[in-house]
>>> print(open('structure-v1.csv').read())   # CSV, C-alpha atoms
chain,number,residue,atom,x,y,z
X,1,MET,CA,26.6,24.3,-57.8
X,2,GLU,CA,30.0,24.3,-56.1
X,3,PRO,CA,30.1,25.4,-52.5
X,4,PHE,CA,30.8,29.1,-52.2
X,5,SER,CA,32.0,31.5,-49.5
X,6,VAL,CA,30.1,34.6,-48.4
X,7,HIS,CA,31.3,37.7,-46.7
X,8,LEU,CA,28.6,40.2,-45.6
X,9,PHE,CA,29.2,43.6,-44.2
X,10,GLY,CA,26.5,46.2,-43.4
X,11,LEU,CA,25.2,49.0,-41.2
X,12,ILE,CA,24.3,47.6,-37.8
X,13,ASN,CA,20.9,49.5,-37.9
X,14,SER,CA,20.0,48.6,-41.5
X,15,MET,CA,17.3,46.0,-42.1
X,16,LYS,CA,19.0,45.3,-45.5
X,17,TYR,CA,21.9,43.8,-43.5
X,18,TYR,CA,19.6,41.7,-41.4
X,19,LYS,CA,17.6,40.6,-44.5
X,20,VAL,CA,20.8,39.3,-46.2
X,21,LYS,CA,21.8,37.6,-43.0
X,22,PHE,CA,18.4,36.0,-42.7
X,23,LEU,CA,18.7,34.6,-46.2
X,24,LEU,CA,22.2,33.2,-45.5
X,25,ASP,CA,20.8,31.4,-42.5
X,26,TYR,CA,17.9,30.2,-44.6
X,27,ILE,CA,20.3,28.9,-47.3
X,28,GLN,CA,22.4,27.1,-44.7
X,29,GLY,CA,19.3,25.6,-43.1
X,30,LYS,CA,18.2,24.1,-46.5
X,31,ASN,CA,21.6,22.9,-47.5
X,32,PRO,CA,24.4,23.2,-44.9
X,33,LYS,CA,27.1,22.2,-47.5
X,34,MET,CA,26.2,24.9,-50.0
X,35,ILE,CA,28.1,27.7,-48.1
X,36,SER,CA,31.7,26.7,-47.4
X,37,GLN,CA,32.4,29.9,-45.3
X,38,CYS,CA,30.0,32.5,-44.1
X,39,VAL,CA,31.3,35.6,-42.3
X,40,SER,CA,28.9,38.5,-41.4
X,41,GLU,CA,29.9,41.7,-39.6
X,42,ALA,CA,27.6,44.5,-38.6
X,43,LEU,CA,29.5,47.8,-38.8
X,44,VAL,CA,28.4,51.2,-37.6
X,45,GLU,CA,28.1,54.5,-39.5
X,46,THR,CA,31.6,56.1,-39.1
X,47,GLU,CA,33.3,52.7,-39.7
X,48,TRP,CA,30.8,51.8,-42.5
X,49,GLU,CA,31.7,55.0,-44.4
X,50,GLU,CA,35.4,54.2,-43.8
X,51,PHE,CA,34.9,50.6,-45.0
X,52,VAL,CA,32.9,51.4,-48.1
X,53,ASN,CA,35.4,54.2,-49.1
X,54,LEU,CA,38.2,51.8,-48.7
X,55,GLN,CA,36.5,49.2,-50.9
X,56,LYS,CA,35.8,51.9,-53.6
X,57,ARG,CA,39.5,52.9,-53.7
X,58,LYS,CA,40.7,49.3,-53.6
X,59,LEU,CA,38.3,47.7,-56.1
X,60,GLY,CA,37.3,50.7,-58.3
X,61,GLY,CA,35.0,50.2,-61.2
X,62,GLU,CA,31.4,49.6,-60.4
X,63,VAL,CA,32.1,49.8,-56.7
X,64,TRP,CA,32.4,53.6,-57.0
X,65,ALA,CA,28.6,53.7,-57.6
X,66,PHE,CA,27.8,51.6,-54.5
X,67,CYS,CA,25.3,53.3,-52.1
X,68,ASP,CA,23.6,50.5,-50.3
X,69,SER,CA,23.8,49.7,-46.6
X,70,ALA,CA,24.8,46.0,-47.0
X,71,MET,CA,27.8,44.8,-49.1
X,72,VAL,CA,28.2,41.2,-50.2
X,73,PHE,CA,31.2,39.3,-51.4
X,74,ILE,CA,30.9,35.9,-53.0
X,75,ASN,CA,34.1,33.9,-53.1
X,76,LYS,CA,35.8,37.1,-52.1
X,77,GLU,CA,34.5,38.8,-55.2
X,78,PHE,CA,32.3,41.9,-54.9
X,79,LEU,CA,28.7,41.1,-55.7
X,80,GLY,CA,26.8,44.3,-54.5
X,81,GLY,CA,24.1,45.2,-52.1
X,82,CYS,CA,20.9,43.6,-50.7
X,83,GLU,CA,19.0,43.7,-54.1
X,84,ASN,CA,22.0,42.3,-55.9
X,85,PHE,CA,22.1,39.4,-53.4
X,86,HIS,CA,18.4,38.7,-53.9
X,87,TYR,CA,18.9,38.6,-57.7
X,88,TRP,CA,21.9,36.3,-57.3
X,89,CYS,CA,20.0,33.9,-55.1
X,90,LYS,CA,17.1,33.7,-57.6
X,91,ASN,CA,19.2,33.3,-60.7
X,92,GLU,CA,22.3,31.4,-59.5
X,93,LEU,CA,20.8,29.3,-56.6
X,94,LEU,CA,17.3,29.2,-58.1
X,95,LEU,CA,16.1,30.1,-54.6
X,96,GLN,CA,12.5,31.2,-53.9
X,97,ILE,CA,13.0,34.1,-51.6
X,98,PRO,CA,11.0,33.4,-48.4
X,99,LYS,CA,8.9,35.8,-46.5
X,100,TYR,CA,10.8,37.7,-43.8
X,101,PRO,CA,9.5,36.9,-40.3
X,102,ASP,CA,7.7,39.6,-38.3
X,103,SER,CA,10.3,39.1,-35.6
X,104,LEU,CA,13.2,40.3,-37.8
X,105,MET,CA,13.1,43.9,-36.6
X,106,SER,CA,13.0,43.0,-32.9
X,107,GLU,CA,15.9,40.6,-33.4
X,108,ALA,CA,17.8,43.3,-35.1
X,109,ILE,CA,17.4,45.8,-32.2
X,110,LEU,CA,18.3,43.1,-29.7
X,111,GLU,CA,21.5,42.3,-31.5
X,112,MET,CA,22.4,46.0,-31.6
X,113,LYS,CA,21.9,46.4,-27.9
X,114,ASN,CA,23.8,43.3,-27.1
X,115,GLN,CA,26.8,44.4,-29.2
X,116,LEU,CA,26.9,47.7,-27.5
X,117,LYS,CA,26.7,46.2,-24.1
X,118,ALA,CA,29.4,43.7,-25.0
X,119,ARG,CA,31.8,46.7,-25.4
X,120,ASN,CA,31.9,47.1,-21.6
X,121,HIS,CA,32.3,50.8,-22.0
X,122,PRO,CA,30.2,53.7,-20.6
X,123,PHE,CA,28.2,55.7,-23.0
X,124,VAL,CA,27.0,59.4,-22.7
X,125,TYR,CA,24.8,61.6,-24.8
X,126,LEU,CA,24.7,65.3,-25.7
X,127,ASP,CA,21.4,66.6,-27.0
X,128,VAL,CA,22.3,69.3,-29.6
X,129,SER,CA,20.2,72.4,-30.3
X,130,VAL,CA,20.6,75.1,-32.9
X,131,SER,CA,18.7,78.3,-32.4
X,132,ASN,CA,16.8,76.5,-29.6
X,133,VAL,CA,15.7,73.7,-32.0
X,134,CYS,CA,16.8,70.3,-30.9
X,135,LEU,CA,18.5,68.3,-33.6
X,136,GLY,CA,18.9,65.1,-31.6
X,137,SER,CA,21.6,63.3,-29.7
X,138,LEU,CA,25.3,62.8,-30.1
X,139,VAL,CA,26.2,59.6,-28.3
X,140,PHE,CA,29.7,58.7,-27.4
X,141,GLU,CA,31.4,55.5,-26.3
X,142,LEU,CA,34.1,56.3,-23.7
X,143,TYR,CA,37.3,54.3,-23.4
X,144,ALA,CA,37.2,54.2,-19.6
X,145,ASP,CA,39.5,51.2,-19.5
X,146,ILE,CA,42.2,53.2,-21.3
X,147,VAL,CA,41.8,56.8,-19.9
X,148,PRO,CA,39.6,56.3,-16.7
X,149,LYS,CA,40.4,59.7,-15.1
X,150,THR,CA,39.6,61.6,-18.3
X,151,CYS,CA,36.4,59.7,-18.9
X,152,LYS,CA,35.2,60.2,-15.3
X,153,ASN,CA,35.6,63.9,-15.8
X,154,PHE,CA,33.5,63.9,-18.9
X,155,ILE,CA,30.8,61.6,-17.5
X,156,THR,CA,30.5,63.7,-14.4
X,157,LEU,CA,30.2,66.9,-16.4
X,158,CYS,CA,27.5,65.2,-18.5
X,159,THR,CA,25.5,64.2,-15.4
X,160,GLY,CA,26.1,67.4,-13.5
X,161,GLU,CA,26.2,65.4,-10.3
X,162,ARG,CA,29.1,67.4,-8.8
X,163,GLY,CA,27.0,70.5,-8.5
X,164,LYS,CA,28.5,74.0,-8.2
X,165,SER,CA,32.0,75.0,-9.1
X,166,SER,CA,34.4,75.6,-6.3
X,167,VAL,CA,36.2,78.3,-8.3
X,168,MET,CA,33.1,80.0,-9.9
X,169,PRO,CA,30.2,79.5,-7.3
X,170,ASP,CA,27.6,80.8,-9.8
X,171,CYS,CA,28.7,78.1,-12.3
X,172,LEU,CA,27.6,74.5,-12.4
X,173,LEU,CA,30.0,71.7,-13.3
X,174,TRP,CA,27.6,70.6,-16.0
X,175,TYR,CA,27.6,70.7,-19.8
X,176,LYS,CA,23.9,71.4,-20.0
X,177,ASN,CA,23.2,74.8,-21.7
X,178,SER,CA,26.9,75.2,-22.7
X,179,SER,CA,27.8,76.1,-26.2
X,180,PHE,CA,29.7,74.7,-29.2
X,181,HIS,CA,31.8,77.8,-29.8
X,182,ARG,CA,34.1,76.7,-32.6
X,183,ILE,CA,33.6,74.8,-35.8
X,184,VAL,CA,36.5,74.1,-38.1
X,185,PRO,CA,35.2,72.3,-41.2
X,186,GLY,CA,37.3,69.2,-41.9
X,187,GLY,CA,39.0,69.7,-38.6
X,188,TRP,CA,36.9,69.6,-35.4
X,189,ILE,CA,34.0,71.0,-33.4
X,190,GLN,CA,34.8,72.4,-30.0
X,191,GLY,CA,32.6,73.1,-26.9
X,192,GLY,CA,32.4,72.6,-23.2
X,193,ASP,CA,33.3,76.0,-21.8
X,194,ILE,CA,31.0,75.9,-18.9
X,195,TYR,CA,31.9,79.4,-17.7
X,196,SER,CA,31.1,81.9,-20.5
X,197,GLY,CA,30.7,79.6,-23.5
X,198,ASN,CA,33.1,81.6,-25.6
X,199,GLY,CA,36.0,79.2,-25.4
X,200,ASP,CA,38.1,81.2,-22.8
X,201,GLY,CA,37.3,79.2,-19.8
X,202,GLY,CA,36.3,75.9,-18.3
X,203,GLU,CA,36.8,73.7,-15.2
X,204,SER,CA,37.3,70.0,-14.6
X,205,ILE,CA,35.9,68.0,-11.7
X,206,TYR,CA,39.5,67.9,-10.3
X,207,GLY,CA,40.0,71.6,-10.2
X,208,GLN,CA,40.6,74.2,-13.0
X,209,ARG,CA,43.0,71.9,-14.8
X,210,PHE,CA,44.2,68.3,-14.8
X,211,GLU,CA,47.0,66.4,-16.4
X,212,ASP,CA,47.2,64.6,-19.8
X,213,GLU,CA,46.4,61.0,-18.8
X,214,ASN,CA,47.9,59.3,-21.9
X,215,TYR,CA,47.8,59.4,-25.7
X,216,ARG,CA,46.8,55.8,-26.4
X,217,VAL,CA,43.6,56.7,-28.2
X,218,CYS,CA,44.4,57.7,-31.8
X,219,HIS,CA,42.8,60.5,-33.8
X,220,ASN,CA,42.4,58.3,-36.8
X,221,ARG,CA,38.9,59.0,-37.9
X,222,ARG,CA,35.9,61.2,-37.8
X,223,GLY,CA,34.0,61.4,-34.6
X,224,ILE,CA,36.9,61.0,-32.1
X,225,LEU,CA,36.2,62.8,-28.8
X,226,GLY,CA,39.1,64.4,-26.9
X,227,MET,CA,40.0,67.1,-24.4
X,228,ALA,CA,40.9,70.5,-25.7
X,229,ASN,CA,43.8,72.2,-24.0
X,230,ASN,CA,46.0,75.2,-23.9
X,231,GLY,CA,49.3,73.2,-23.8
X,232,LYS,CA,50.3,70.0,-22.0
X,233,HIS,CA,48.5,69.2,-18.7
X,234,SER,CA,45.9,72.0,-19.1
X,235,ASN,CA,42.7,70.0,-19.5
X,236,ASN,CA,39.5,71.4,-18.1
X,237,SER,CA,35.9,70.9,-19.4
X,238,GLN,CA,36.5,71.9,-23.0
X,239,PHE,CA,36.3,69.1,-25.6
X,240,TYR,CA,36.4,68.6,-29.3
X,241,ILE,CA,35.0,66.1,-31.9
X,242,THR,CA,37.1,65.4,-34.9
X,243,LEU,CA,35.6,65.9,-38.4
X,244,GLY,CA,38.2,63.7,-40.0
X,245,PRO,CA,41.5,61.9,-39.3
X,246,ALA,CA,43.8,64.3,-37.3
X,247,LEU,CA,47.0,62.3,-36.5
X,248,TRP,CA,48.8,65.5,-35.7
X,249,MET,CA,46.7,65.6,-32.5
X,250,ASP,CA,47.9,62.2,-31.2
X,251,THR,CA,50.7,63.5,-28.9
X,252,LYS,CA,49.2,66.9,-28.2
X,253,PHE,CA,45.6,66.1,-27.1
X,254,VAL,CA,44.1,63.3,-25.0
X,255,ALA,CA,41.4,61.4,-27.0
X,256,PHE,CA,39.1,59.3,-24.9
X,257,GLY,CA,36.0,58.3,-26.8
X,258,GLN,CA,34.2,58.0,-30.2
X,259,LEU,CA,30.9,59.0,-31.6
X,260,VAL,CA,28.5,56.0,-31.8
X,261,PHE,CA,25.2,57.8,-32.7
X,262,GLY,CA,24.6,61.1,-34.5
X,263,TYR,CA,26.8,61.0,-37.6
X,264,LYS,CA,24.3,63.1,-39.5
X,265,ILE,CA,23.9,65.6,-36.7
X,266,LEU,CA,27.7,66.0,-36.7
X,267,GLN,CA,27.5,66.7,-40.4
X,268,VAL,CA,24.8,69.4,-39.8
X,269,LEU,CA,27.0,71.0,-37.2
X,270,GLU,CA,30.0,71.0,-39.5
X,271,GLU,CA,28.0,72.7,-42.2
X,272,LEU,CA,26.7,75.6,-40.0
X,273,GLU,CA,27.6,79.1,-41.1
X,274,THR,CA,30.4,80.5,-39.1
X,275,TYR,CA,32.3,83.8,-38.6
X,276,ASN,CA,35.9,83.5,-37.5
X,277,GLU,CA,35.1,79.8,-36.8
X,278,ARG,CA,32.3,80.7,-34.5
X,279,PRO,CA,28.8,79.5,-35.4
X,280,ILE,CA,26.5,82.4,-36.2
X,281,LYS,CA,23.5,80.6,-34.8
X,282,GLN,CA,23.4,79.7,-31.1
X,283,THR,CA,24.6,76.1,-30.9
X,284,ALA,CA,24.3,74.4,-27.5
X,285,ILE,CA,24.0,71.3,-25.5
X,286,SER,CA,20.4,71.3,-24.4
X,287,GLU,CA,20.5,68.1,-22.3
X,288,CYS,CA,23.2,65.6,-21.4
X,289,GLY,CA,23.9,62.5,-19.3
X,290,LYS,CA,24.6,58.8,-19.2
X,291,PHE,CA,23.2,57.0,-22.1
X,292,ASP,CA,20.8,54.0,-21.6
X,293,ILE,CA,21.4,51.4,-24.3
X,294,ASP,CA,17.9,49.9,-23.7
X,295,ALA,CA,16.4,53.2,-24.7
X,296,MET,CA,17.2,52.6,-28.4
X,297,HIS,CA,14.3,52.1,-30.8
X,298,LEU,CA,14.3,50.8,-34.4
X,299,ILE,CA,11.5,52.2,-36.6
X,300,GLU,CA,10.8,52.3,-40.3
X,301,ALA,CA,12.6,55.2,-42.0
X,302,THR,CA,11.8,54.3,-45.6
X,303,LYS,CA,9.8,51.6,-47.4
X,304,THR,CA,12.9,49.4,-47.5
X,305,ASP,CA,15.0,50.3,-44.5
X,306,THR,CA,15.0,51.5,-40.9
X,307,ALA,CA,16.9,53.9,-38.6
X,308,VAL,CA,17.6,54.0,-34.9
X,309,TYR,CA,16.2,56.8,-32.7
X,310,LEU,CA,16.4,57.7,-29.1
X,311,PRO,CA,15.3,58.0,-26.5
X,312,GLU,CA,11.6,57.4,-27.1
X,313,PRO,CA,9.5,57.1,-30.3
X,314,LYS,CA,7.5,60.2,-29.3
X,315,ASP,CA,10.7,62.2,-29.2
X,316,ILE,CA,11.9,61.4,-32.7
X,317,PRO,CA,13.8,64.3,-34.2
X,318,ASP,CA,14.0,65.1,-37.9
X,319,ILE,CA,17.5,63.8,-38.2
X,320,LYS,CA,18.2,60.1,-38.1
X,321,ILE,CA,20.5,58.8,-35.4
X,322,LYS,CA,22.6,55.8,-36.2
X,323,ILE,CA,25.1,53.6,-34.4
X,324,CYS,CA,28.9,53.9,-34.8
X,325,LEU,CA,31.3,51.5,-33.2
X,326,PRO,CA,35.0,50.6,-33.6
X,327,PHE,CA,35.4,47.4,-35.6
X,328,THR,CA,37.9,44.9,-37.0
X,329,ALA,CA,36.6,43.8,-40.3
X,330,PHE,CA,37.6,41.1,-42.7
X,331,MET,CA,39.0,42.8,-45.8
X,332,PRO,CA,38.4,40.7,-48.9
>>> encode(input="structure-v1.csv", output="structure tokens")
Amino acid sequence: MEPFSVHLFGLINSMKYYKVKFLLDYIQGKNPKMISQCVSEALVETEWEEFVNLQKRKLGGEVWAFCDSAMVFINKEFLGGCENFHYWCKNELLLQIPKYPDSLMSEAILEMKNQLKARNHPFVYLDVSVSNVCLGSLVFELYADIVPKTCKNFITLCTGERGKSSVMPDCLLWYKNSSFHRIVPGGWIQGGDIYSGNGDGGESIYGQRFEDENYRVCHNRRGILGMANNGKHSNNSQFYITLGPALWMDTKFVAFGQLVFGYKILQVLEELETYNERPIKQTAISECGKFDIDAMHLIEATKTDTAVYLPEPKDIPDIKIKICLPFTAFMP
């Protein structure tokens, strides 16, 4: 058989991705000349959805039915998912599929942690509860190298380390127990009013308001984190999470982070019943703080795949928490 090129893309927390990657390494080990080019990229949930939808629109046909968590291209032609690659290896390469090593899962979680650490960005988490039932964590990567002052404000409000407000002595500068007071399906989710929780107030760690730092982070996808305001240079503690691209926000609101865990939780929040854009059920931040990358765990979610949970196995919620990172992917 002529040498062939392979391009593999997959969810960073999917064992299907790591199984295909293992097989590619196995093939190269047996015959280094068989694969002329091998590119693999682990994507994360928001970007994975973006990437798959792009390929569906671009390639059409059978790709519209694609629903796997790994996507393989042979010689830049779409092959399919993990099972399609297994079938191709058996029938085209006449390869006997080897047994996967027991260490594959631990290697996968180590790779995820290393990739997150390599970002050199701080991460924070917000535990979300609806009617006092915890759904799990929203975890954000903060672009502290681009908007350091804005990120410091958000981190400090997550940890609560600043203590009491200088303006409202009975109020803590802390997101814990504050509400998500506004949900605009397809638009954004808003919270962070640490005064009353109804969206009328808020306070930053720099005083009641602070200036717009810059508009360098684009609102180009779902899960972008930014500061809500009441006009230019009026940022306080209120923030929003986009539910889709919102380029109209780019010169009006300061974005400073992106969702990296909790895509499905965000979806649950978006689908909550509302009245005048306010959730009918009490929707709040039950806990928050800096996020420890080493607290991630990979466990079996189905017979064929896994999901990431945090912070500890005993605390596993009903909703899977997956990783989402910005990426630059090869587009075949």
>>> closest_residue(input="structure-v1.csv", among="X:Leu93, X:Val147, X:Leu54, X:Met15", to="X:Met34", atoms="all atoms listed in the file")
X:Leu93
>>> residues_around(input="structure-v1.csv", residues="X:Ala144", least_positions_apart="5", cutoff="8 Å", atoms="all atoms listed in the file", output="list in words")
His121, Pro122, Lys149, Thr150, Cys151, Lys152 and Phe256 of chain X
>>> residues_near_point(input="structure-v1.csv", point="(45.1, 73.9, -14.0)", cutoff="8 Å", atoms="all atoms listed in the file", output="VMD selection string")
chain X and resid 207 to 210 233 to 236
>>> atom_distance(input="structure-v1.csv", atom1="atom CA of X:Thr242", atom2="atom CA of X:Val184")
9.3 Å
>>> closest_residue(input="structure-v1.csv", among="X:Trp188, X:Phe154, X:Tyr100, X:Phe66", to="X:Tyr175", atoms="all atoms listed in the file")
X:Phe154
>>> closest_residue(input="structure-v1.csv", among="X:Leu138, X:Ala42, X:Ile285, X:Met71", to="X:Lys56", atoms="only C-alpha atoms")
X:Met71
>>> residues_around(input="structure-v1.csv", residues="X:Pro101", least_positions_apart="5", cutoff="12 Å", atoms="only C-alpha atoms", output="PyMOL selection string")
chain X and resi 18-19+22-23+26+106-108
>>> residues_near_point(input="structure-v1.csv", point="(37.4, 79.9, -10.1)", cutoff="10 Å", atoms="all atoms listed in the file", output="PyMOL selection string")
chain X and resi 165-171+195+201-203+207-208
>>> closest_residue(input="structure-v1.csv", among="X:Ile241, X:Cys288, X:Gly29, X:Trp174", to="X:Ser129", atoms="only C-alpha atoms")
X:Cys288
>>> atom_distance(input="structure-v1.csv", atom1="atom CA of X:Pro279", atom2="atom CA of X:Phe253")
23.0 Å
>>> build_atoms(input="structure-v1.csv", residues="stretch 155-178 of chain X", atoms="N, CA and C atoms", output="tab-separated table (two decimals), in the frame of the given file")
chain	number	residue	atom	x	y	z
X	155	ILE	N	32.10	62.18	-17.93
X	155	ILE	CA	30.80	61.60	-17.50
X	155	ILE	C	30.19	62.50	-16.41
X	156	THR	N	31.00	62.92	-15.46
X	156	THR	CA	30.50	63.70	-14.40
X	156	THR	C	30.00	65.09	-14.84
X	157	LEU	N	30.69	65.66	-15.83
X	157	LEU	CA	30.20	66.90	-16.40
X	157	LEU	C	28.97	66.73	-17.25
X	158	CYS	N	28.75	65.52	-17.75
X	158	CYS	CA	27.50	65.20	-18.50
X	158	CYS	C	26.33	65.08	-17.52
X	159	THR	N	26.56	64.46	-16.37
X	159	THR	CA	25.50	64.20	-15.40
X	159	THR	C	25.21	65.46	-14.54
X	160	GLY	N	26.22	66.28	-14.34
X	160	GLY	CA	26.10	67.40	-13.50
X	160	GLY	C	26.01	67.10	-12.00
X	161	GLU	N	26.38	65.88	-11.65
X	161	GLU	CA	26.20	65.40	-10.30
X	161	GLU	C	27.12	66.09	-9.27
X	162	ARG	N	28.18	66.72	-9.74
X	162	ARG	CA	29.10	67.40	-8.80
X	162	ARG	C	28.58	68.70	-8.29
X	163	GLY	N	27.60	69.28	-8.98
X	163	GLY	CA	27.00	70.50	-8.50
X	163	GLY	C	27.79	71.75	-8.86
X	164	LYS	N	27.89	72.69	-7.93
X	164	LYS	CA	28.50	74.00	-8.20
X	164	LYS	C	30.03	73.91	-8.25
X	165	SER	N	30.58	74.82	-9.03
X	165	SER	CA	32.00	75.00	-9.10
X	165	SER	C	32.58	75.52	-7.82
X	166	SER	N	33.77	75.05	-7.44
X	166	SER	CA	34.40	75.60	-6.30
X	166	SER	C	35.19	76.87	-6.59
X	167	VAL	N	35.42	77.09	-7.89
X	167	VAL	CA	36.20	78.30	-8.30
X	167	VAL	C	35.19	79.40	-8.71
X	168	MET	N	34.11	79.04	-9.42
X	168	MET	CA	33.10	80.00	-9.90
X	168	MET	C	31.76	79.56	-9.24
X	169	PRO	N	31.42	80.01	-8.06
X	169	PRO	CA	30.20	79.50	-7.30
X	169	PRO	C	28.93	79.65	-8.10
X	170	ASP	N	28.86	80.59	-9.03
X	170	ASP	CA	27.60	80.80	-9.80
X	170	ASP	C	27.56	79.79	-10.99
X	171	CYS	N	28.59	79.00	-11.17
X	171	CYS	CA	28.70	78.10	-12.30
X	171	CYS	C	28.50	76.65	-11.87
X	172	LEU	N	27.72	75.89	-12.62
X	172	LEU	CA	27.60	74.50	-12.40
X	172	LEU	C	28.58	73.67	-13.17
X	173	LEU	N	29.11	72.61	-12.59
X	173	LEU	CA	30.00	71.70	-13.30
X	173	LEU	C	29.11	70.76	-14.14
X	174	TRP	N	28.61	71.30	-15.23
X	174	TRP	CA	27.60	70.60	-16.00
X	174	TRP	C	27.63	71.16	-17.44
X	175	TYR	N	27.60	70.25	-18.40
X	175	TYR	CA	27.60	70.70	-19.80
X	175	TYR	C	26.28	71.24	-20.28
X	176	LYS	N	25.21	70.96	-19.54
X	176	LYS	CA	23.90	71.40	-20.00
X	176	LYS	C	23.90	72.94	-20.18
X	177	ASN	N	23.36	73.36	-21.33
X	177	ASN	CA	23.20	74.80	-21.70
X	177	ASN	C	24.59	75.41	-22.13
X	178	SER	N	25.66	74.63	-22.15
X	178	SER	CA	26.90	75.20	-22.70
X	178	SER	C	26.93	75.15	-24.18
